[in-house]
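Peer 1: Below are the structure tokens for one structure; questions will follow.
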Amino acid sequence: MAGRTLDVESLIIPDRLAADIASRYQEWQGLRSKWIEEKKELRNYVYATDTRTTSNAKLPWKNSTTTPKLTQIYDNLKANYTAALFPNRKWMHWEADDRTGSLKTKRDTIQAYMENKVRQSKFRTVADKLIDDWILYGNAFATVSFETNQTKLINGEVIPGYVGPKVHRISPFDIVFNPIAADFASSPKIIKSIVSMGTLKKLLEDGEEKYRPVFDRMITNRAAAMGSKSLAKDEAFIADGFSSLQHYYGSDYVEVLTFYGDIYDTENQIFKENHKIEIIDRAYVIADEPIASWLGSAPIFHIGWRDRPDNIYSMGPLDNLVGMQYRIDHLENLKADVFDQIAFPILKIAGDVEEFDYQPGERIYLGEEGDVAPLVPDSTALNADFQIQILENKMEEMAGAPRQAMGIRTPGEKTAFEVQTLENSASRIFQHKSEKFSSEFLEDVLNAMLEAARRNMNTSDLIRVLDDETGVLLFKEITKEDITAKGKLVPLGARHFAERALRVQNLQQLLSIKASDQSIGVHLSGKEIARLIAEELGEDKIFGENIALQEQAKTQESALDFEADQMEKLQIDAEMGL
């Protein structure tokens with residue numbers, strides 16, 4: 001075939017189902033092409049060191065300074081969202097739906113298991129990247145799997161690794177879906193991944209027997225395509241990130257498209273509901289099976305920052321600020337260019353003037369009617385600092401990141417109550433978005449991790465538990481039954497600390513009213529106030545019914561025991577003449 005035009009379609013002979021999925025991938029990828037360009041422009045501004053890599057590069061200014069305001073807002077939002085979502089070690093809680101699930105032993109076991117798995121699987125590291133996507137792209141995607149990792153040494157010894165549920169970030173550029181579906185959960189999804197030939201060969205060998213011949217077909221196709229001078233009808237088979245099919249076939253990588261959802265197999269005339277289908281080279285099916293999750297759909301989750309009507313792709317907090325960043329850089333470089341022209345002005349030369357060097361102390365010899373004069377620009381442009389400051393303040397407010405979040409105090413004298421009220425009001429957008437990320441995304445991810453553990457655990461697992469009474473670190477062996485109960489995990493971290501501090505302050509005032517006015521105090525429950533204060537502080541262990549009386553009794557008992565021991569010691573010493 002060398003030197004001849006090769007008809008790729010007749011060579012590859014794609015599976016009909018694989019061709020349908022590849023066609024759908026191309027369609028959905030094309031629908032979001034404008035969105036991808038907008039996100040790339042935003043990303044360029046956030047990570048820019050000068051304007052040469054941004055859309056400001058087309059302006060004819062000599063200076064190319066960029067003021068990283070978008071970057072500062074991005075860093076500010078990320079730091080504050082992370083602090084609000086994960087304020088302490090115990091940021092999630094088990095809520096039972098029946099009596100069995102509400103038992104203390106069951107609740108403590110489920111929470112301890114998930115706390116261990118969250119720590120061991122580096123959940124916080126993945127969550128940090130998801131918050132990045134949420135702020136930068138306005139959309140974050142995650143999925144959950146059950147991992148059973150182990151390392152086999154040369155001598156045959158097997159070292160066990162992490163076993164349990166794990167969350168994975170999905171790049172917003174690697175997943176496509178129907179953007180006008182009713183919601184993300186009901187839309188089919190296709191995830192793109194790039195793997196090496198060796199990795200794919202191992203996966204196929206470990207899989208079902210019927211999929212192993214696919215690898216041989218891939219090798220044959222690559223050899224034939226690379227020996228051909230040109231390819232016809234190859235557009236449908238060009239993988240993303242490769243300039244041509246020959247470029248793709250000449251690499252050591254394979255594109256894998258994984259479909260999740262409902263699809264009609266026209267070749268076999270079968271409707272496949274809630275299926276996971278993997279295709280390679282946009283031509284061959286290598287896996288086709290029902291989704292194993294008990295959730296009723298694929299364990300793939302999405303969260304948007306600002307939802308759009310009739311479009312699943314959400315806006316991010318920085319999307320509307322790109323134009324203002326463009327304006328800030330424009331004014332900054334305009335001001336710098338004007339300052340340069342004032343310091344080194346353009347010279348107007350009229351009449352007969354001898355050649356001269358433009359430098360301090362230079363003598364210029366003028367002929368008849370000769371003249372040399374600087375063209376000094378209007379210095380009004382130097383006042384651009386005021387406009388820049390106004391734009392920067394607006395950007396912070398519009399992103400839901402008030403300056404108080406950075407510890408900067410607003411001008412004017414205020415009482416403590418006024419400060420608290422202003423902080424709460426200024427942070428409402430931030431609190432709303434934090435709660436949205438927590439309740440609509442983290443909660444689903446955590447419960448999917450618990451579901452994966454219940455479905456896949458077939459042996460006991462060892463977790464570490466801290467004994468609340470003794471403070472001793474214990475190791476407990478649990479089984480599938482120990483973590484099976486009706487209920488759900490709820491992340492509590494998004495309850496913003498300013499809101500919580502206000503509630504604690506109000507409870508303290510209520511407690512002082514109860515102590516000062518008995519006519520009111522007799523109608524208020526001291527036990528309930530104490531319980532609420534402990535709950536709001538996140539320290540449930542400090543509350544217990546009549547716990548102070550029990551502790552006082554134990555203290556008195558210890559004091560009496562100590563006094564008896566001392567008396568007995570003195571009596572023994574007296575008898576021995578000491």
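By order of appearance in the structure tokens: chains A, B, ..., then residues from 1 within every chain, and ligands from 1 in the order shown.
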Applying 10 Å and only C-alpha atoms, which residues near Ala239 (chain A) remain after dropping the ones on its own chain fewer than 6 positions away? List them as a ChimeraX atom specification.
Peer 2: /A:22,26,192,194,245,247-249,254-257,280-282
Peer 1: Can you tell me, as a PyMOL selection string, what residues are no more than 10 Å from region 443-452 of chain A when counting only C-alpha atoms, ignoring any on the same chain fewer than 6 positions away?
Peer 2: chain A and resi 92+110+113-114+117-118+123+142-147+164-168+292-295+299-302+437+483-484+487-492
Peer 1: Just the residues within 10 Å of Asp337 (chain A), please, counting only C-alpha atoms, with nothing from its chain fewer than 2 positions along; format it as a VMD selection string.
Peer 2: chain A and resid 61 to 64 331 to 335 339 to 343 381 to 382
Peer 1: How would the residues just chosen look if you wrote them out with N, CA and C atoms as a JSON list (two decimals), in the first residue's frame?
Peer 2:
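As written to disk, again_3.json reads:
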[["chain", "number", "residue", "atom", "x", "y", "z"],
["A", 61, "TRP", "N", 0.93, 48.88, 22.20],
["A", 61, "TRP", "CA", 1.65, 49.57, 23.27],
["A", 61, "TRP", "C", 3.05, 49.00, 23.41],
["A", 62, "LYS", "N", 3.97, 49.85, 23.78],
["A", 62, "LYS", "CA", 5.34, 49.41, 24.00],
["A", 62, "LYS", "C", 5.44, 48.59, 25.28],
["A", 63, "ASN", "N", 4.74, 49.03, 26.33],
["A", 63, "ASN", "CA", 4.75, 48.31, 27.61],
["A", 63, "ASN", "C", 3.77, 47.13, 27.55],
["A", 64, "SER", "N", 4.12, 46.04, 28.24],
["A", 64, "SER", "CA", 3.27, 44.84, 28.22],
["A", 64, "SER", "C", 3.06, 44.29, 29.63],
["A", 331, "LEU", "N", -5.32, 50.28, 30.54],
["A", 331, "LEU", "CA", -5.05, 51.56, 31.20],
["A", 331, "LEU", "C", -3.64, 51.61, 31.79],
["A", 332, "GLU", "N", -3.20, 50.50, 32.36],
["A", 332, "GLU", "CA", -1.87, 50.45, 32.97],
["A", 332, "GLU", "C", -0.78, 50.68, 31.93],
["A", 333, "ASN", "N", -0.89, 50.03, 30.80],
["A", 333, "ASN", "CA", 0.14, 50.16, 29.77],
["A", 333, "ASN", "C", 0.02, 51.48, 29.02],
["A", 334, "LEU", "N", -1.23, 51.98, 28.88],
["A", 334, "LEU", "CA", -1.41, 53.31, 28.28],
["A", 334, "LEU", "C", -0.74, 54.37, 29.15],
["A", 335, "LYS", "N", -0.95, 54.29, 30.47],
["A", 335, "LYS", "CA", -0.33, 55.24, 31.39],
["A", 335, "LYS", "C", 1.19, 55.15, 31.33],
["A", 339, "PHE", "N", 3.78, 58.08, 30.15],
["A", 339, "PHE", "CA", 4.88, 58.51, 31.03],
["A", 339, "PHE", "C", 6.21, 58.42, 30.27],
["A", 340, "ASP", "N", 6.38, 57.37, 29.49],
["A", 340, "ASP", "CA", 7.61, 57.25, 28.70],
["A", 340, "ASP", "C", 7.73, 58.39, 27.70],
["A", 341, "GLN", "N", 6.59, 58.79, 27.10],
["A", 341, "GLN", "CA", 6.62, 59.88, 26.11],
["A", 341, "GLN", "C", 6.90, 61.23, 26.77],
["A", 342, "ILE", "N", 6.47, 61.36, 28.05],
["A", 342, "ILE", "CA", 6.77, 62.60, 28.76],
["A", 342, "ILE", "C", 8.26, 62.65, 29.11],
["A", 343, "ALA", "N", 8.80, 61.51, 29.56],
["A", 343, "ALA", "CA", 10.22, 61.46, 29.93],
["A", 343, "ALA", "C", 11.12, 61.51, 28.69],
["A", 381, "ALA", "N", -3.69, 61.30, 31.12],
["A", 381, "ALA", "CA", -3.69, 59.84, 31.13],
["A", 381, "ALA", "C", -3.02, 59.28, 32.38],
["A", 382, "LEU", "N", -2.18, 60.10, 33.05],
["A", 382, "LEU", "CA", -1.52, 59.62, 34.26],
["A", 382, "LEU", "C", -2.50, 59.43, 35.42]]
Peer 1: Which one of A:Phe141, A:Lys129, A:His330, A:Thr65 sits closest to Arg52 (chain A) if you count only C-alpha atoms?
Peer 2: A:Thr65
Peer 1: Have a look at A:Pro179, A:Gly198, A:Gly304, A:Pro290 and name the one nearest to Phe441 (chain A); count only C-alpha atoms.
Peer 2: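 Result for the nearest residue to Phe441 (chain A): A:Gly304.
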Peer 1: Tell me, which residues of region 262-340 of chain A carry DSSP alpha helix (DSSP H), written as a short mmCIF file (atom, residue, chain, number, x, y, z; two decimals) with N, CA and C atoms, in the first residue's frame?
Peer 2:
data_model
loop_
_atom_site.label_atom_id
_atom_site.label_comp_id
_atom_site.auth_asym_id
_atom_site.auth_seq_id
_atom_site.Cartn_x
_atom_site.Cartn_y
_atom_site.Cartn_z
N VAL A 322 -13.17 39.07 32.78
CA VAL A 322 -12.07 39.08 31.81
C VAL A 322 -11.99 40.44 31.11
N GLY A 323 -13.15 40.99 30.72
CA GLY A 323 -13.16 42.30 30.07
C GLY A 323 -12.62 43.40 30.97
N MET A 324 -12.91 43.32 32.27
CA MET A 324 -12.40 44.33 33.21
C MET A 324 -10.89 44.17 33.40
N GLN A 325 -10.40 42.91 33.39
CA GLN A 325 -8.95 42.69 33.44
C GLN A 325 -8.29 43.26 32.20
N TYR A 326 -8.93 43.07 31.05
CA TYR A 326 -8.43 43.64 29.79
C TYR A 326 -8.33 45.17 29.91
N ARG A 327 -9.36 45.77 30.52
CA ARG A 327 -9.38 47.23 30.67
C ARG A 327 -8.28 47.71 31.61
N ILE A 328 -8.07 46.98 32.70
CA ILE A 328 -7.02 47.36 33.66
C ILE A 328 -5.65 47.33 32.99
N ASP A 329 -5.36 46.25 32.26
CA ASP A 329 -4.07 46.15 31.58
C ASP A 329 -3.93 47.24 30.51
N HIS A 330 -5.04 47.53 29.84
CA HIS A 330 -5.04 48.58 28.82
C HIS A 330 -4.67 49.93 29.44
N LEU A 331 -5.32 50.28 30.54
CA LEU A 331 -5.05 51.56 31.20
C LEU A 331 -3.64 51.61 31.79
N GLU A 332 -3.20 50.50 32.36
CA GLU A 332 -1.87 50.45 32.97
C GLU A 332 -0.78 50.68 31.93
N ASN A 333 -0.89 50.03 30.80
CA ASN A 333 0.14 50.16 29.77
C ASN A 333 0.02 51.48 29.02
N LEU A 334 -1.23 51.98 28.88
CA LEU A 334 -1.41 53.31 28.28
C LEU A 334 -0.74 54.37 29.15
N LYS A 335 -0.95 54.29 30.47
CA LYS A 335 -0.33 55.24 31.39
C LYS A 335 1.19 55.15 31.33
N ALA A 336 1.72 53.92 31.26
CA ALA A 336 3.17 53.74 31.20
C ALA A 336 3.74 54.31 29.90
N ASP A 337 3.02 54.11 28.79
CA ASP A 337 3.49 54.64 27.51
C ASP A 337 3.48 56.17 27.51
N VAL A 338 2.44 56.77 28.11
CA VAL A 338 2.36 58.23 28.18
C VAL A 338 3.49 58.77 29.05
N PHE A 339 3.78 58.08 30.15
CA PHE A 339 4.88 58.51 31.03
C PHE A 339 6.21 58.42 30.27
N ASP A 340 6.38 57.37 29.49
CA ASP A 340 7.61 57.25 28.70
C ASP A 340 7.73 58.39 27.70
#
Peer 1: Tell me, as a short mmCIF file (atom, residue, chain, number, x, y, z; two decimals) with N, CA and C atoms, in the first residue's frame, which residues lie within 7 Å of Ile135 (chain A), counting only C-alpha atoms; anything in the same chain fewer than 3 positions away does not count.
Peer 2:
data_model
loop_
_atom_site.label_atom_id
_atom_site.label_comp_id
_atom_site.auth_asym_id
_atom_site.auth_seq_id
_atom_site.Cartn_x
_atom_site.Cartn_y
_atom_site.Cartn_z
N TYR A 74 -8.75 34.87 42.12
CA TYR A 74 -8.76 33.41 42.05
C TYR A 74 -8.13 32.80 43.30
N ILE A 131 -11.93 22.27 43.39
CA ILE A 131 -12.23 23.68 43.69
C ILE A 131 -11.56 24.57 42.65
N ASP A 132 -10.34 24.19 42.22
CA ASP A 132 -9.67 24.93 41.14
C ASP A 132 -10.54 24.98 39.90
N GLY A 138 -15.75 27.25 36.16
CA GLY A 138 -17.16 27.34 36.51
C GLY A 138 -17.83 25.99 36.61
N GLY A 316 -18.42 30.68 35.48
CA GLY A 316 -17.56 30.75 36.65
C GLY A 316 -17.53 32.15 37.23
N PRO A 317 -16.98 32.32 38.43
CA PRO A 317 -16.94 33.64 39.07
C PRO A 317 -16.05 34.64 38.34
#
Peer 1: Select from region 152-202 of chain A everything DSSP, run on the backbone, classes as strand (DSSP E or B), then give the selection as a PyMOL selection string.
Peer 2: chain A and resi 152+158-170+175-177+189-196
Peer 1: Using Å and a single decimal, report how far CA of Ala18 (chain A) sits from CA of Asn268 (chain A).
Peer 2: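 These two atoms are separated by 12.7 Å.
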Peer 1: Report the closest atom pair, with its distance in Å rounded to one decimal, for each residue of region 292-313 of chain A that has an atom no farther than 10 Å from region 431-436 of chain A; count only C-alpha atoms, sort by chain and then rising residue number, and write it as CSV.
Peer 2:
residue,atom,partner,partner_atom,distance
A:Ile303,CA,A:Lys436,CA,8.3
A:Gly304,CA,A:Lys436,CA,8.9
A:Trp305,CA,A:Lys433,CA,7.0
A:Arg306,CA,A:Lys433,CA,8.8
Peer 1: Need the shell around region 456-462 of chain A: protein/DNA/RNA residues with any atom at most 8 Å away, counting only C-alpha atoms. Skip same-chain ones fewer than 5 positions apart. Format as a PyMOL selection string?
Peer 2: chain A and resi 146+164+475-480
Peer 1: Would you export the selected residues with C-alpha atoms as a compact mmCIF listing (two decimals), in the first residue's frame, please?
Peer 2:
# COMPACT_ATOMS: atom_id res chain seq x y z
CA PHE A 146 -13.21 1.22 44.36
CA GLY A 164 -11.27 1.31 49.41
CA PHE A 475 -7.41 -0.23 65.55
CA LYS A 476 -10.78 -1.77 64.74
CA GLU A 477 -11.64 -4.48 62.24
CA ILE A 478 -14.89 -3.86 60.37
CA THR A 479 -16.91 -5.73 57.77
CA LYS A 480 -19.44 -4.83 55.08
Peer 1: Excluding same-chain residues fewer than 3 positions from region 42-50 of chain A, what lies within 9 Å of it counting only C-alpha atoms, as a PyMOL selection string?
Peer 2: chain A and resi 37-39+53-55+57+64-72+74+136-137+318-319+322+325-326
Peer 1: Excluding Ile286 (chain A) and any residue of its chain fewer than 5 positions from it, enumerate the residues within 8 Å of it, using only C-alpha atoms, and give them as a list in words.
Peer 2: Leu204, Tyr211, Val214, Ile277, Glu278, Ile279 and Ile280 of chain A
Peer 1: How many Å lie between CA of Ile180 (chain A) and CA of Glu27 (chain A), rounded to one decimal?
Peer 2: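 Atom-to-atom, CA of Ile180 (chain A) and CA of Glu27 (chain A) are spaced 12.8 Å apart.
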Peer 1: What does the distance between CA of Lys122 (chain A) and CA of Tyr162 (chain A) come to in Å, to one decimal place?
Peer 2: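 Answer for the CA of Lys122 (chain A) to CA of Tyr162 (chain A) separation: 10.8 Å.
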Peer 1: Check the smallest atom-to-atom distance from each of A:Leu17, A:Leu103, A:Leu570, A:Ile36 to Ala287 (chain A) using only C-alpha atoms, then report the winner.
Peer 2: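 Closest residue, counting only C-alpha atoms: A:Leu17.
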Peer 1: For a quick check of understanding, using only C-alpha atoms, which of A:Lys486, A:Lys514, A:Lys152, A:Lys272 has the smallest distance to Asp97 (chain A)?
Peer 2: A:Lys486
